[in-house]
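A.B. asks: work.txt is reproduced in full below (compact mmCIF, C-alpha atoms).
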# COMPACT_ATOMS: atom_id res chain seq x y z
CA MET Y 9 -66.80 21.14 21.42
CA THR Y 10 -65.90 21.71 25.07
CA GLU Y 11 -66.19 18.23 26.45
CA MET Y 12 -64.12 17.56 29.59
CA VAL Y 13 -62.02 14.41 29.42
CA THR Y 14 -59.72 12.67 31.87
CA PRO Y 15 -56.80 10.29 31.18
CA GLY Y 16 -58.07 7.02 29.76
CA ASP Y 17 -61.23 8.43 28.16
CA VAL Y 18 -61.91 7.36 24.59
CA LEU Y 19 -61.52 10.25 22.17
CA GLY Y 20 -62.21 8.55 18.88
CA ASN Y 21 -61.29 5.93 16.35
CA ALA Y 22 -57.81 5.83 14.82
CA ALA Y 23 -59.41 5.42 11.39
CA GLU Y 24 -61.15 8.79 11.61
CA PHE Y 25 -58.73 10.85 13.71
CA LYS Y 26 -55.07 11.39 14.34
CA ALA Y 27 -53.76 11.61 17.89
CA GLY Y 28 -52.60 15.13 18.73
CA LYS Y 29 -51.21 16.60 21.92
CA GLY Y 30 -52.55 14.96 25.04
CA ALA Y 31 -53.76 11.83 23.24
CA TYR Y 32 -52.28 8.46 22.39
CA VAL Y 33 -53.25 5.55 20.18
CA ASN Y 34 -53.69 2.02 21.45
CA ASP Y 35 -55.15 -0.76 19.32
CA ASN Y 36 -57.00 1.47 16.81
CA THR Y 37 -58.58 3.65 19.51
CA ILE Y 38 -57.44 7.10 20.57
CA TYR Y 39 -57.39 7.73 24.33
CA ALA Y 40 -56.77 10.92 26.28
CA SER Y 41 -53.61 11.25 28.36
CA LEU Y 42 -54.32 14.64 29.96
CA THR Y 43 -57.18 16.25 31.86
CA GLY Y 44 -58.84 18.98 29.84
CA SER Y 45 -61.22 19.70 27.00
CA ARG Y 46 -61.40 17.69 23.82
CA ARG Y 47 -60.72 19.63 20.65
CA VAL Y 48 -60.82 18.59 17.01
CA VAL Y 49 -58.45 20.35 14.61
CA SER Y 50 -59.32 20.04 10.95
CA PRO Y 51 -56.52 18.89 8.67
CA LEU Y 52 -54.59 21.14 6.32
CA PRO Y 53 -56.14 21.08 2.84
CA ASP Y 54 -52.93 19.99 1.11
CA SER Y 55 -51.74 17.34 3.57
CA LEU Y 56 -51.60 13.71 2.51
CA ASP Y 57 -53.39 12.41 5.58
CA GLN Y 58 -56.87 13.94 5.55
CA ARG Y 59 -57.83 12.82 9.04
CA ALA Y 60 -58.69 15.48 11.61
CA THR Y 61 -56.48 15.71 14.68
CA VAL Y 62 -58.07 15.27 18.08
CA GLU Y 63 -56.20 16.77 21.02
CA VAL Y 64 -56.72 17.60 24.67
CA THR Y 65 -55.98 21.12 25.83
CA GLY Y 66 -55.06 21.19 29.48
CA HIS Y 67 -57.25 23.23 31.77
CA LYS Y 68 -54.23 24.41 33.75
CA ALA Y 69 -50.77 25.35 32.60
CA HIS Y 70 -49.02 22.45 34.25
CA GLY Y 71 -46.26 20.06 33.45
CA LEU Y 72 -44.16 22.72 31.76
CA ILE Y 73 -40.57 21.75 31.00
CA PRO Y 74 -38.05 23.22 28.57
CA GLU Y 75 -38.09 21.34 25.27
CA PRO Y 76 -35.54 21.60 22.46
CA GLY Y 77 -36.55 24.46 20.19
CA SER Y 78 -38.63 26.38 22.73
CA LEU Y 79 -37.94 29.98 23.67
CA VAL Y 80 -37.19 30.62 27.32
CA LEU Y 81 -36.58 33.59 29.58
CA ALA Y 82 -33.74 33.09 32.01
CA ARG Y 83 -31.77 35.03 34.61
CA VAL Y 84 -27.98 34.86 34.53
CA THR Y 85 -26.57 33.59 37.81
CA LYS Y 86 -22.89 32.95 37.12
CA VAL Y 87 -20.43 34.03 34.45
CA ILE Y 88 -17.21 32.10 34.06
CA ALA Y 89 -14.53 31.70 31.38
CA ARG Y 90 -16.37 29.91 28.62
CA MET Y 91 -19.99 29.84 29.70
CA ALA Y 92 -22.78 31.56 31.58
CA SER Y 93 -25.02 29.70 34.01
CA VAL Y 94 -28.65 30.74 33.98
CA ASP Y 95 -31.86 29.89 35.83
CA ILE Y 96 -34.74 29.28 33.42
CA LEU Y 97 -37.77 31.20 34.71
CA CYS Y 98 -40.31 31.04 31.86
CA VAL Y 99 -40.88 28.57 29.04
CA GLY Y 100 -42.67 30.22 26.14
CA SER Y 101 -44.99 32.71 27.78
CA LYS Y 102 -45.67 30.72 30.98
CA ALA Y 103 -43.64 30.83 34.17
CA VAL Y 104 -42.37 27.54 35.56
CA ARG Y 105 -43.06 26.66 39.16
CA GLU Y 106 -39.48 25.76 40.03
CA LYS Y 107 -36.54 27.01 38.06
CA PHE Y 108 -34.41 24.83 35.82
CA ALA Y 109 -30.65 25.20 35.38
CA GLY Y 110 -29.40 26.19 31.95
CA VAL Y 111 -26.05 27.01 30.46
CA ILE Y 112 -25.04 29.26 27.53
CA ARG Y 113 -21.70 28.18 26.18
CA GLN Y 114 -19.22 30.53 24.55
CA GLN Y 115 -19.89 29.13 21.07
CA ASP Y 116 -23.65 29.59 21.41
CA VAL Y 117 -23.67 33.28 22.30
CA ARG Y 118 -23.72 34.64 18.75
CA GLU Y 119 -23.58 33.46 15.16
CA THR Y 120 -20.42 35.14 13.91
CA GLU Y 121 -16.83 34.94 15.24
CA ILE Y 122 -17.80 32.49 17.91
CA ASP Y 123 -14.24 31.86 19.06
CA LYS Y 124 -13.65 35.53 19.86
CA VAL Y 125 -16.66 35.86 22.18
CA GLU Y 126 -16.00 37.44 25.56
CA ILE Y 127 -18.64 36.08 27.92
CA HIS Y 128 -18.08 38.92 30.37
CA GLN Y 129 -18.95 41.44 27.64
CA SER Y 130 -22.10 39.55 26.64
CA PHE Y 131 -23.77 38.72 29.94
CA ARG Y 132 -23.47 39.76 33.55
CA PRO Y 133 -25.07 38.14 36.63
CA GLY Y 134 -28.60 39.40 37.11
CA ASP Y 135 -29.39 39.98 33.42
CA ILE Y 136 -32.67 38.69 32.03
CA VAL Y 137 -31.97 36.84 28.80
CA ARG Y 138 -34.21 35.42 26.07
CA ALA Y 139 -32.70 32.21 24.72
CA MET Y 140 -33.61 29.12 22.77
CA VAL Y 141 -33.22 25.62 24.14
CA LEU Y 142 -30.66 23.75 22.02
CA SER Y 143 -30.88 20.39 23.70
CA LEU Y 144 -31.53 18.62 26.98
CA GLY Y 145 -27.84 18.99 27.76
CA ASP Y 146 -26.32 16.92 30.53
CA SER Y 147 -27.57 15.91 33.94
CA ARG Y 148 -26.89 19.33 35.40
CA ALA Y 149 -28.25 21.88 32.90
CA TYR Y 150 -30.07 22.47 29.64
CA TYR Y 151 -27.99 23.89 26.77
CA LEU Y 152 -29.26 27.26 25.59
CA SER Y 153 -28.34 29.50 22.70
CA THR Y 154 -28.63 33.22 22.03
CA ALA Y 155 -27.21 33.01 18.50
CA LYS Y 156 -29.98 34.93 16.78
CA ASN Y 157 -30.81 38.60 16.46
CA GLU Y 158 -33.94 38.41 18.58
CA LEU Y 159 -32.19 36.45 21.35
CA GLY Y 160 -29.97 37.92 24.03
CA VAL Y 161 -30.21 40.30 26.96
CA VAL Y 162 -33.70 41.72 27.34
CA SER Y 163 -33.26 43.62 30.58
CA ALA Y 164 -30.18 44.45 32.62
CA GLU Y 165 -29.26 46.62 35.57
CA SER Y 166 -26.29 48.95 35.47
CA ALA Y 167 -23.68 49.31 38.21
CA ALA Y 168 -25.68 52.28 39.49
CA GLY Y 169 -28.79 50.11 39.91
CA GLU Y 170 -30.93 51.51 37.09
CA THR Y 171 -32.50 49.50 34.27
CA MET Y 172 -30.38 50.12 31.20
CA VAL Y 173 -31.56 51.20 27.77
CA PRO Y 174 -30.22 49.36 24.68
CA ILE Y 175 -28.40 51.56 22.21
CA SER Y 176 -26.97 48.97 19.81
CA TRP Y 177 -26.59 45.20 19.41
CA THR Y 178 -23.60 45.24 21.70
CA GLU Y 179 -24.16 48.11 24.11
CA MET Y 180 -26.61 49.27 26.75
CA GLN Y 181 -26.60 52.63 28.49
CA CYS Y 182 -27.55 53.58 32.03
CA PRO Y 183 -30.01 56.50 32.02
CA LEU Y 184 -28.76 57.75 35.40
CA SER Y 185 -24.99 57.81 35.00
CA GLY Y 186 -24.69 57.75 31.19
CA GLN Y 187 -22.21 54.88 31.29
CA THR Y 188 -22.41 52.30 28.54
CA GLU Y 189 -21.92 48.63 29.27
CA GLN Y 190 -21.35 45.83 26.80
CA ARG Y 191 -24.01 43.14 26.40
CA LYS Y 192 -25.32 40.84 23.68
CA VAL Y 193 -28.60 42.71 23.25
CA ALA Y 194 -31.77 41.10 21.90
CA LYS Y 195 -33.52 42.78 19.01
CA VAL Y 196 -37.00 43.53 20.35
CA ALA Y 197 -39.24 43.92 17.32
CA MET M 11 -62.90 5.16 33.26
CA ALA M 12 -63.07 8.59 34.85
CA ALA M 13 -62.92 8.97 38.62
CA LYS M 14 -65.64 10.77 40.54
CA GLN M 15 -64.60 14.25 41.62
CA GLY M 16 -66.36 16.18 44.33
CA ALA M 17 -69.04 13.52 44.90
CA SER M 18 -71.63 14.13 47.61
CA THR M 19 -71.24 12.24 50.86
CA THR M 20 -74.14 9.79 50.53
CA THR M 21 -73.85 6.06 50.92
CA TYR M 22 -74.53 4.14 47.75
CA SER M 23 -74.92 0.51 46.82
CA PRO M 24 -73.82 -0.94 43.50
CA ARG M 25 -76.49 -2.36 41.20
CA ILE M 26 -77.02 -6.10 41.54
CA ILE M 27 -76.82 -7.40 37.95
CA ALA M 28 -78.50 -10.73 37.16
CA ARG M 29 -75.72 -13.26 36.59
CA THR M 30 -75.76 -16.66 34.92
CA ARG M 31 -73.19 -18.00 37.38
CA PRO M 32 -74.45 -19.18 40.77
CA PRO M 33 -73.97 -16.45 43.38
CA ILE M 34 -70.83 -16.76 45.44
CA PHE M 35 -72.48 -15.72 48.68
CA LYS M 36 -75.43 -17.59 50.13
CA ASP M 37 -78.49 -15.81 51.50
CA PHE M 38 -77.43 -16.09 55.11
CA ASP M 39 -74.15 -14.37 54.23
CA LEU M 40 -75.96 -11.20 53.20
CA ASP M 41 -77.37 -10.61 56.65
CA TRP M 42 -73.92 -10.07 58.04
CA THR M 43 -73.31 -6.50 59.21
CA ARG M 44 -69.83 -5.09 59.26
CA PRO M 45 -68.25 -3.67 62.40
CA ASP M 46 -69.16 -0.11 61.41
CA GLY M 47 -72.83 -0.89 60.84
CA ARG M 48 -72.76 -1.20 57.06
CA GLY M 49 -74.63 -3.92 55.23
CA PHE M 50 -72.85 -6.51 53.13
CA HIS M 51 -73.28 -4.68 49.81
CA GLN M 52 -72.91 -1.13 51.13
CA CYS M 53 -69.92 1.05 50.37
CA ARG M 54 -68.53 3.77 52.58
CA PRO M 55 -69.53 7.38 51.87
CA ALA M 56 -66.84 8.97 49.74
CA LEU M 57 -65.56 12.49 49.25
CA LEU M 58 -63.04 13.20 46.51
CA GLN M 59 -61.56 16.57 45.75
CA THR M 60 -58.68 17.81 43.62
CA GLY M 61 -56.78 21.04 43.94
CA ALA M 62 -56.92 20.94 47.73
CA VAL M 63 -53.36 22.28 48.11
CA SER M 64 -52.75 25.47 46.20
CA SER M 65 -48.98 25.70 46.33
CA VAL M 66 -48.18 22.43 44.57
CA SER M 67 -48.53 21.26 40.99
CA GLY M 68 -51.36 18.86 41.74
CA SER M 69 -53.15 17.46 44.74
CA ALA M 70 -56.07 15.26 45.68
CA TYR M 71 -57.92 14.75 48.95
CA ALA M 72 -60.18 11.82 49.70
CA GLU M 73 -62.33 10.66 52.56
CA PHE M 74 -63.71 7.13 52.50
CA GLY M 75 -65.61 6.82 55.73
CA ASN M 76 -62.90 7.06 58.37
CA THR M 77 -59.92 6.91 56.00
CA LYS M 78 -58.68 10.39 55.13
CA VAL M 79 -55.78 10.78 52.73
CA ILE M 80 -54.21 13.79 51.03
CA VAL M 81 -51.75 13.42 48.16
CA SER M 82 -49.55 16.21 46.77
CA VAL M 83 -47.51 16.09 43.59
CA PHE M 84 -44.47 18.30 43.07
CA GLY M 85 -43.07 18.65 39.60
CA PRO M 86 -41.84 18.37 37.04
CA ARG M 87 -38.74 19.69 38.63
CA GLU M 88 -35.05 19.25 38.15
CA SER M 89 -33.48 16.05 39.28
CA LYS M 90 -30.87 16.51 41.98
CA LYS M 91 -27.47 17.42 40.60
CA ALA M 92 -25.92 14.26 41.97
CA THR M 93 -28.09 11.94 39.90
CA SER M 94 -27.01 10.87 36.42
CA TYR M 95 -28.63 11.91 33.17
CA SER M 96 -31.77 9.98 32.34
CA ASP M 97 -33.70 9.83 29.09
CA VAL M 98 -36.95 9.19 30.88
CA GLY M 99 -38.52 10.92 33.83
CA ARG M 100 -38.15 9.80 37.42
CA LEU M 101 -40.71 9.27 40.13
CA ASN M 102 -40.22 9.55 43.89
CA CYS M 103 -42.99 8.31 46.15
CA ASN M 104 -43.38 8.76 49.85
CA VAL M 105 -46.26 7.57 51.99
CA SER M 106 -46.35 8.76 55.56
CA TYR M 107 -48.78 8.58 58.41
CA THR M 108 -49.51 11.35 60.86
CA THR M 109 -48.91 10.47 64.49
CA PHE M 110 -52.64 10.78 65.18
CA ALA M 111 -53.72 8.60 62.22
CA ALA M 112 -54.54 5.51 64.23
CA PRO M 113 -54.79 4.84 67.95
CA ALA M 114 -52.09 2.17 67.82
CA LEU M 115 -49.45 4.32 66.10
CA GLY M 116 -48.25 7.14 68.28
CA SER M 117 -44.55 6.54 68.65
CA GLN M 118 -44.10 4.30 65.60
CA GLU M 119 -42.20 5.68 62.66
CA THR M 120 -44.37 7.77 60.40
CA ASP M 121 -42.75 6.90 57.05
CA HIS M 122 -44.22 3.78 55.55
CA LYS M 123 -41.50 2.40 53.29
CA GLU M 124 -43.44 -0.64 52.11
CA TYR M 125 -46.43 1.40 50.97
CA SER M 126 -44.09 3.87 49.29
CA SER M 127 -42.52 1.20 47.13
CA MET M 128 -45.92 -0.32 46.32
CA LEU M 129 -47.19 3.11 45.29
CA HIS M 130 -44.14 3.51 43.09
CA LYS M 131 -44.79 0.17 41.40
CA ALA M 132 -48.40 1.09 40.78
CA LEU M 133 -47.66 4.52 39.32
CA GLU M 134 -44.64 3.77 37.17
CA GLY M 135 -46.69 1.67 34.76
CA VAL M 136 -49.29 4.33 34.06
CA ILE M 137 -47.21 7.49 33.65
CA MET M 138 -45.71 8.30 30.25
CA MET M 139 -42.16 8.64 31.50
CA ALA M 140 -40.82 9.59 28.10
CA THR M 141 -42.71 12.88 28.07
CA PHE M 142 -40.75 14.45 30.90
CA GLN M 143 -37.13 13.61 30.26
CA LYS M 144 -34.53 14.58 32.79
CA THR M 145 -37.07 15.81 35.35
CA THR M 146 -38.49 14.30 38.52
CA PHE M 147 -41.95 14.05 39.99
CA ASP M 148 -42.30 13.81 43.76
CA VAL M 149 -45.50 12.26 45.07
CA PHE M 150 -46.17 12.73 48.77
CA ALA M 151 -49.09 10.94 50.37
CA LEU M 152 -50.15 11.76 53.89
CA VAL M 153 -52.64 9.57 55.70
CA LEU M 154 -54.49 11.82 58.11
CA GLU M 155 -56.69 9.12 59.54
CA SER M 156 -56.44 5.42 58.93
CA GLY M 157 -59.79 3.66 58.82
CA GLY M 158 -58.70 0.69 56.76
CA SER M 159 -57.93 0.21 53.07
CA ASP M 160 -55.25 2.92 53.22
CA LEU M 161 -53.05 1.82 50.33
CA PRO M 162 -55.84 1.58 47.71
CA VAL M 163 -57.07 5.04 48.64
CA VAL M 164 -53.51 6.37 48.42
CA ILE M 165 -52.93 4.79 45.01
CA SER M 166 -56.16 6.03 43.46
CA ARG M 167 -55.72 9.50 44.94
CA ALA M 168 -52.14 9.66 43.68
CA SER M 169 -53.33 9.03 40.14
CA LEU M 170 -55.93 11.80 40.53
CA ALA M 171 -53.29 14.17 41.83
CA LEU M 172 -51.03 13.36 38.88
CA ALA M 173 -53.90 14.00 36.47
CA ASP M 174 -54.50 17.29 38.29
CA ALA M 175 -50.82 18.17 37.85
CA GLY M 176 -51.11 17.86 34.09
CA ILE M 177 -48.78 14.93 33.65
CA MET M 178 -49.49 12.61 30.73
CA MET M 179 -50.84 9.24 31.81
CA TYR M 180 -52.33 6.26 30.05
CA ASP M 181 -55.29 6.05 32.40
CA LEU M 182 -56.51 6.76 35.91
CA ILE M 183 -55.82 4.05 38.47
CA THR M 184 -58.36 2.52 40.78
CA ALA M 185 -57.27 0.19 43.54
CA VAL M 186 -59.01 -2.07 45.93
CA SER M 187 -57.95 -4.31 48.77
CA VAL M 188 -59.51 -7.70 49.27
CA VAL M 189 -59.55 -9.70 52.42
CA CYS M 190 -60.16 -13.41 52.82
CA SER M 191 -62.20 -13.84 55.94
CA CYS M 192 -64.11 -16.57 57.67
CA TYR M 193 -66.92 -15.78 60.02
CA ASN M 194 -69.42 -17.82 62.02
CA ASN M 195 -68.10 -21.30 62.65
CA CYS M 196 -65.77 -22.68 60.04
CA THR M 197 -67.16 -26.22 59.79
CA ASN M 198 -67.14 -25.92 56.01
CA TYR M 199 -63.45 -25.84 55.20
CA SER M 200 -64.03 -24.88 51.62
CA ALA M 201 -64.98 -21.49 53.01
CA LEU M 202 -61.27 -20.84 53.51
CA SER M 203 -60.68 -20.84 49.77
CA LEU M 204 -60.76 -17.66 47.75
CA ASN M 205 -64.45 -18.11 47.04
CA LEU M 206 -65.36 -16.37 50.25
CA ILE M 207 -63.90 -12.90 49.99
CA SER M 208 -65.29 -9.53 50.98
CA VAL M 209 -64.33 -6.30 49.38
CA ARG M 210 -63.69 -3.24 51.55
Written as structure tokens, that's how I'd like the structure from this file.

C.D. replies:
Amino acid sequence: MTEMVTPGDVLGNAAEFKAGKGAYVNDNTIYASLTGSRRVVSPLPDSLDQRATVEVTGHKAHGLIPEPGSLVLARVTKVIARMASVDILCVGSKAVREKFAGVIRQQDVRETEIDKVEIHQSFRPGDIVRAMVLSLGDSRAYYLSTAKNELGVVSAESAAGETMVPISWTEMQCPLSGQTEQRKVAKVA
Amino acid sequence: MAAKQGASTTTYSPRIIARTRPPIFKDFDLDWTRPDGRGFHQCRPALLQTGAVSSVSGSAYAEFGNTKVIVSVFGPRESKKATSYSDVGRLNCNVSYTTFAAPALGSQETDHKEYSSMLHKALEGVIMMATFQKTTFDVFALVLESGGSDLPVVISRASLALADAGIMMYDLITAVSVVCSCYNNCTNYSALSLNLISVR
């Protein structure tokens, strides 16, 4: 069912459908709130509410902001005593148009021994990091966390300027000079 | 209530539906031609287009006869660091005229603060602010040529541009300006009431 809808179009009756993403309910009728195509998702067989979900999938990847629980790719800009400032570049698999500020605090770098974390040995400016959004944070930055095996530094440049190769969860090696540098490395499955 | 997108530039007249109320305008009113040669029931040829500007999140361009307006939407982007934390999204509107928009402008200031605040009031009721917490949308409207009815065109184009940008809204906005006018000789003073209005 690829029917184009615009905000305010009637998608269905609240008695037959549930409002999914891009739809809202007003007075027993479901209206669209995004521009895109109307899609009906059938309900799970064991759910209590057996109504199908109607949603609108956007025709362009717009309006992307970091939400709590989403995975983001960010570049480290500043490393200070108890936190690392990052610029969020991608949310999920889509790049954002303008970067958002994020911060990884010392206690969110890893799961174990969080008070003994050395930020300078986990991240350096210029590293590309995969993190998860913890919360909206404060007015200046989103709070991010790399406290999982698959989160952490994905790509980093050595002092010599070469892209480093990960050799363990805490070390990366430069292929040119052979020097190892300490990072909180992400486990790439 | 979907807006027309990419309509052809032909003049159209709305259908006259048979009403039970007595018509507001008498027969001799309908002979009146407007200054630009249109009949009483004729609308201006319209052109509406979205995605006119490629580098922004959403944009809409409209031509209604001589009124040409382009609206660009930037966002969602981070609020400035100086502003406080906000649970709901923020909206900044700016309506400006080019210096060549109307013959009378020229050296007048190009930012129209009154229209900007009216655009803000119109848009803030229709956008779901709670869906983009902590971020800001900037709406910039530029009137390239002012042929009358500028603010309604700006408001309806702004809602199209926001829909193009993928921001969640309750509905698309349409706007119209009405003018209370009196033509011929005003011997009938009841003509000055709101019964005699024309829609541009």

A.B. asks: Specify as a ChimeraX atom specification all residues of chain M found within 7 Å of chain Y, counting all atoms listed in the file.

C.D. replies: /M:11-12,67,86-88,91,94-95,173,175-182

A.B. asks: Within 10 Å of Gln190 of chain Y, counting all atoms listed in the file, which residues show up once you throw out same-chain ones fewer than 4 positions away? Write them as a PyMOL selection string, please.

C.D. replies: chain Y and resi 128-132+174+176-181

A.B. asks: Could you check the closest approach to Val163 of chain M for each of M:Thr145, M:Thr120, M:Ser64, M:Thr77 and tell me which residue wins, using all atoms listed in the file?

C.D. replies: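 Smallest distance to Val163 of chain M is found for M:Thr77.
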
A.B. asks: Identify which of the residues Y:Val193, Y:Gly134, Y:Ala155, Y:Ile38 lies closest to Ala167 of chain Y, counting only C-alpha atoms when measuring atom-to-atom distances.

C.D. replies: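 Answer, going by the shortest atom-to-atom distance: Y:Gly134.
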
A.B. asks: Which of these, Y:Met91, Y:Leu52, Y:Leu184, Y:Ala27, has the shortest distance to Met172 of chain Y once you count all atoms listed in the file?

C.D. replies: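 Looking at the shortest contact to Met172 of chain Y, the residue is Y:Leu184.
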
A.B. asks: Ranking M:Val105, M:Ile183, M:Ala140, M:Ala111 by minimum distance to Gly158 of chain M and counting all atoms listed in the file, which one comes first?

C.D. replies: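 Checking each of M:Val105, M:Ile183, M:Ala140, M:Ala111 against Gly158 of chain M, counting all atoms listed in the file, the winner is M:Ala111.
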
A.B. asks: Between atom CA of Asp160 of chain M and atom CA of Ala70 of chain M, what is the distance, to one decimal in Å?

C.D. replies: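 If I compute the distance from atom CA of Asp160 of chain M to atom CA of Ala70 of chain M, I get 14.5 Å.
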
A.B. asks: Out of Y:Val48, Y:Ala168, Y:Ala23, Y:Leu152, which residue has the shortest atom-to-atom distance to Glu11 of chain Y when counting only C-alpha atoms?

C.D. replies: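 Nearest to Glu11 of chain Y: Y:Val48.
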
A.B. asks: Around the point (-42.1, 9.6, 39.9) in the file's coordinates, collect all residues with an atom within 9 Å, using all atoms listed in the file, and return them as a ChimeraX atom specification.

C.D. replies: /M:99-103,130,133-134,137,139,146-149

A.B. asks: Measure the distance from atom CA of Ser82 of chain M to atom CA of Ala168 of chain M in Å and round it to one decimal.

C.D. replies: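 Rounded to one decimal, the two atoms are 7.7 Å apart.
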
A.B. asks: Please define a box with edges along x, y and z of the file around all atoms of segment 123-130 of chain M given in the file, extend it by 4 Å on each side, and return its centre and edge lengths in Å to one decimal, as JSON.

C.D. replies:
{"center_x": -44.3, "center_y": 1.6, "center_z": 48.2, "size_x": 13.7, "size_y": 12.5, "size_z": 18.2}

A.B. asks: May I have the residues within 10 Å of Val164 of chain M as a list in words, using all atoms listed in the file and disregarding those fewer than 4 positions away in the same chain?

C.D. replies: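 The residues that qualify are Ala70, Tyr71, Ala72, Thr77, Lys78, Val79, Ile80, Val81, Val105, Tyr125, Ser126, Leu129, Phe150, Ala151, Leu152, Val153, Ser159, Asp160, Ala168, Ser169, Leu170, Thr184 and Ala185 of chain M.
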
A.B. asks: Residues near Val80 of chain Y, anyone? I mean within 8 Å using only C-alpha atoms, not counting same-chain ones fewer than 4 positions away, as a list in words.

C.D. replies: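 Surrounding residues, per the criterion: Pro74, Ile96, Leu97, Cys98, Val99, Gly100, Arg138, Ala139, Met140 and Val141 of chain Y.
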
A.B. asks: Keeping C-alpha atoms for every residue in the selection just given, could you write it to a file as an mmCIF file, in the frame of the given file?

C.D. replies:
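File written: selection.cif
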data_model
loop_
_atom_site.group_PDB
_atom_site.id
_atom_site.type_symbol
_atom_site.label_atom_id
_atom_site.label_comp_id
_atom_site.auth_asym_id
_atom_site.auth_seq_id
_atom_site.Cartn_x
_atom_site.Cartn_y
_atom_site.Cartn_z
ATOM 1 C CA PRO Y 74 -38.050 23.220 28.570
ATOM 2 C CA ILE Y 96 -34.740 29.280 33.420
ATOM 3 C CA LEU Y 97 -37.770 31.200 34.710
ATOM 4 C CA CYS Y 98 -40.310 31.040 31.860
ATOM 5 C CA VAL Y 99 -40.880 28.570 29.040
ATOM 6 C CA GLY Y 100 -42.670 30.220 26.140
ATOM 7 C CA ARG Y 138 -34.210 35.420 26.070
ATOM 8 C CA ALA Y 139 -32.700 32.210 24.720
ATOM 9 C CA MET Y 140 -33.610 29.120 22.770
ATOM 10 C CA VAL Y 141 -33.220 25.620 24.140
#

A.B. asks: Closest to Glu119 of chain Y among Y:Ile136, Y:Val94, Y:Leu159, Y:Ala103, using all atoms listed in the file?

C.D. replies: Y:Leu159

A.B. asks: As an exercise, work out the distance from atom CA of Cys53 of chain M to atom CA of Glu155 of chain M in Å and give it to one decimal place.

C.D. replies: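 Computing the Euclidean distance for atom CA of Cys53 of chain M and atom CA of Glu155 of chain M yields 18.0 Å.
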